[in-house]
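A short write-up of the structure that comes next.
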Amino acid sequence: MAINQLQSDVQQELKWDPEVDARKIGVTAEESAITLSGYVPSYHEKTRAVAAAERVYGVKAVADELEVRVHVTHVKNDSDIAVSIAHVFEWNSTLSHENIKATVSHGNVTLTGEVTWNYESDEAERVINRLLGVQSVVNRITVKPRVMATTVEKQITNALARRAALDARQIHVSRRGTKVVLTGHVHSLEEARIAKGAAWSAPGVTDVEDHLVVQP
């Protein structure tokens, strides 16, 4: 795919996403890699812009150089952000929030602690992404080891095959202790994300190592 076509496709995808204001976002393409630059008014919009670029056919890598510039009316001090985090954790039925700790410094949030499932780690990061005043989120939550089924590779392979949005025929699953390793080929970064999510859903998985190669 021509570089200018890939650049244009990403620009159009950014404009298509209703949660992204593409007017302040610059897009450059080099081979199959996309660089996003400029600024956005929230961390949530920054993550949405990156996700939009990853969805585009032909994109193999995305360099995120977007800067979060919070509007003056949305600026919050660290204490306000910490209180907001405590509230969203408390009211979220999917989180074991007593095992998760969030520290805030100049709007930058760091998550630590242990959870039973990776989706809890993802959910904790997701709900914080949307809070006003947040500049960035560093997720250092770990997944506690659980009993892993001896047939976990087969279970994950079957789960991949059930995903309608994923061509799982070129994906190989192997296990190293409680770590799952994915190798092979996918058609897009979005497919790679779906494959990793399916692998994380297996009981006992504490880490997913992604060696998938994007081949549009």
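In the structure tokens, each chain is lettered A, B, ... as it comes, each chain's residues begin at 1, and ligands are numbered from 1 in order of appearance.
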**Request:** Could you tell me, as a count of residues only, which residues of segment 11-166 of chain A DSSP assigns to strand (DSSP E) when given the backbone?
**Result:** 42
**Prompt:** Using only C-alpha atoms, which residues sit within 7 Å of segment 165-181 of chain A once same-chain residues fewer than 3 positions away are excluded, as a list in words?
**Reply:** Glu153, Thr157, Leu160, Ala161, Gly184, His185, Glu191, Gly204, Val205, Thr206, Asp207, Val208, Glu209 and Asp210 of chain A
Enumerate, in order of chain and increasing residue number, the residues of segment 37-68 of chain A with an atom no farther than 12 Å from segment 72-77 of chain A, each with its shortest atom pair and distance in Å to one decimal, counting only C-alpha atoms, as CSV.
residue,atom,partner,partner_atom,distance
A:Pro41,CA,A:His74,CA,9.1
A:Ser42,CA,A:His74,CA,9.2
A:Val68,CA,A:Val75,CA,11.5
Okay, now the selection with N, CA and C atoms, as an mmCIF file, in the first residue's frame?
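The resulting file, result_12.cif, is reproduced below:
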data_model
loop_
_atom_site.group_PDB
_atom_site.id
_atom_site.type_symbol
_atom_site.label_atom_id
_atom_site.label_comp_id
_atom_site.auth_asym_id
_atom_site.auth_seq_id
_atom_site.Cartn_x
_atom_site.Cartn_y
_atom_site.Cartn_z
ATOM 1 N N PRO A 41 -7.450 16.925 24.028
ATOM 2 C CA PRO A 41 -7.866 17.502 25.302
ATOM 3 C C PRO A 41 -7.994 16.512 26.453
ATOM 4 N N SER A 42 -7.836 15.216 26.191
ATOM 5 C CA SER A 42 -7.976 14.242 27.282
ATOM 6 C C SER A 42 -7.164 12.997 26.977
ATOM 7 N N VAL A 68 -1.291 15.423 25.743
ATOM 8 C CA VAL A 68 -2.579 15.734 26.376
ATOM 9 C C VAL A 68 -2.519 17.152 26.932
#
**Message:** Please list as a ChimeraX atom specification every residue within 8 Å of Ala82 of chain A, counting only C-alpha atoms and excluding residues in the same chain fewer than 3 positions away.
**Reply:** /A:78-79,85-86,102-104
**Request:** Excluding Tyr43 of chain A and residues on its chain fewer than 4 positions from it, collect all residues at most 12 Å away from it, counting only C-alpha atoms, and give them as a PyMOL selection string.
**Result:** chain A and resi 19-20+39+47-50+64+66-71+107-109+125-138
Saved selection, atoms kept: C-alpha atoms, as an mmCIF file, in the first residue's frame:
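Written output follows (out-v2.cif):
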data_model
loop_
_atom_site.group_PDB
_atom_site.id
_atom_site.type_symbol
_atom_site.label_atom_id
_atom_site.label_comp_id
_atom_site.auth_asym_id
_atom_site.auth_seq_id
_atom_site.Cartn_x
_atom_site.Cartn_y
_atom_site.Cartn_z
ATOM 1 C CA GLU A 19 -14.762 10.425 20.156
ATOM 2 C CA VAL A 20 -11.755 11.900 18.364
ATOM 3 C CA TYR A 39 -2.422 17.395 20.998
ATOM 4 C CA THR A 47 -6.094 6.262 23.564
ATOM 5 C CA ARG A 48 -9.016 6.400 21.124
ATOM 6 C CA ALA A 49 -6.846 8.018 18.457
ATOM 7 C CA VAL A 50 -4.204 5.301 18.785
ATOM 8 C CA ASP A 64 2.117 7.763 19.780
ATOM 9 C CA LEU A 66 0.268 12.914 21.059
ATOM 10 C CA GLU A 67 0.311 15.402 23.935
ATOM 11 C CA VAL A 68 -2.579 15.734 26.376
ATOM 12 C CA ARG A 69 -3.521 19.370 26.934
ATOM 13 C CA VAL A 70 -6.347 19.496 29.428
ATOM 14 C CA HIS A 71 -8.701 22.448 28.995
ATOM 15 C CA GLY A 107 -2.182 14.100 36.683
ATOM 16 C CA ASN A 108 -0.159 10.971 35.902
ATOM 17 C CA VAL A 109 -1.732 7.852 37.412
ATOM 18 C CA GLU A 125 -7.197 1.372 33.374
ATOM 19 C CA ARG A 126 -10.243 1.925 31.175
ATOM 20 C CA VAL A 127 -12.350 3.691 33.807
ATOM 21 C CA ILE A 128 -9.448 5.975 34.762
ATOM 22 C CA ASN A 129 -8.843 6.880 31.102
ATOM 23 C CA ARG A 130 -12.142 8.759 31.062
ATOM 24 C CA LEU A 131 -11.597 10.871 34.179
ATOM 25 C CA LEU A 132 -11.085 14.612 33.804
ATOM 26 C CA GLY A 133 -7.565 15.847 34.511
ATOM 27 C CA VAL A 134 -5.777 12.545 33.858
ATOM 28 C CA GLN A 135 -2.625 13.026 31.762
ATOM 29 C CA SER A 136 -1.454 9.411 31.518
ATOM 30 C CA VAL A 137 -1.951 5.966 33.033
ATOM 31 C CA VAL A 138 0.826 3.477 33.804
#
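Among A:Gln12, A:Asp21, A:Arg55, A:Gln7, the residue with the shortest atom-to-atom distance to Ala33 of chain A, counting only C-alpha atoms, is A:Gln7.
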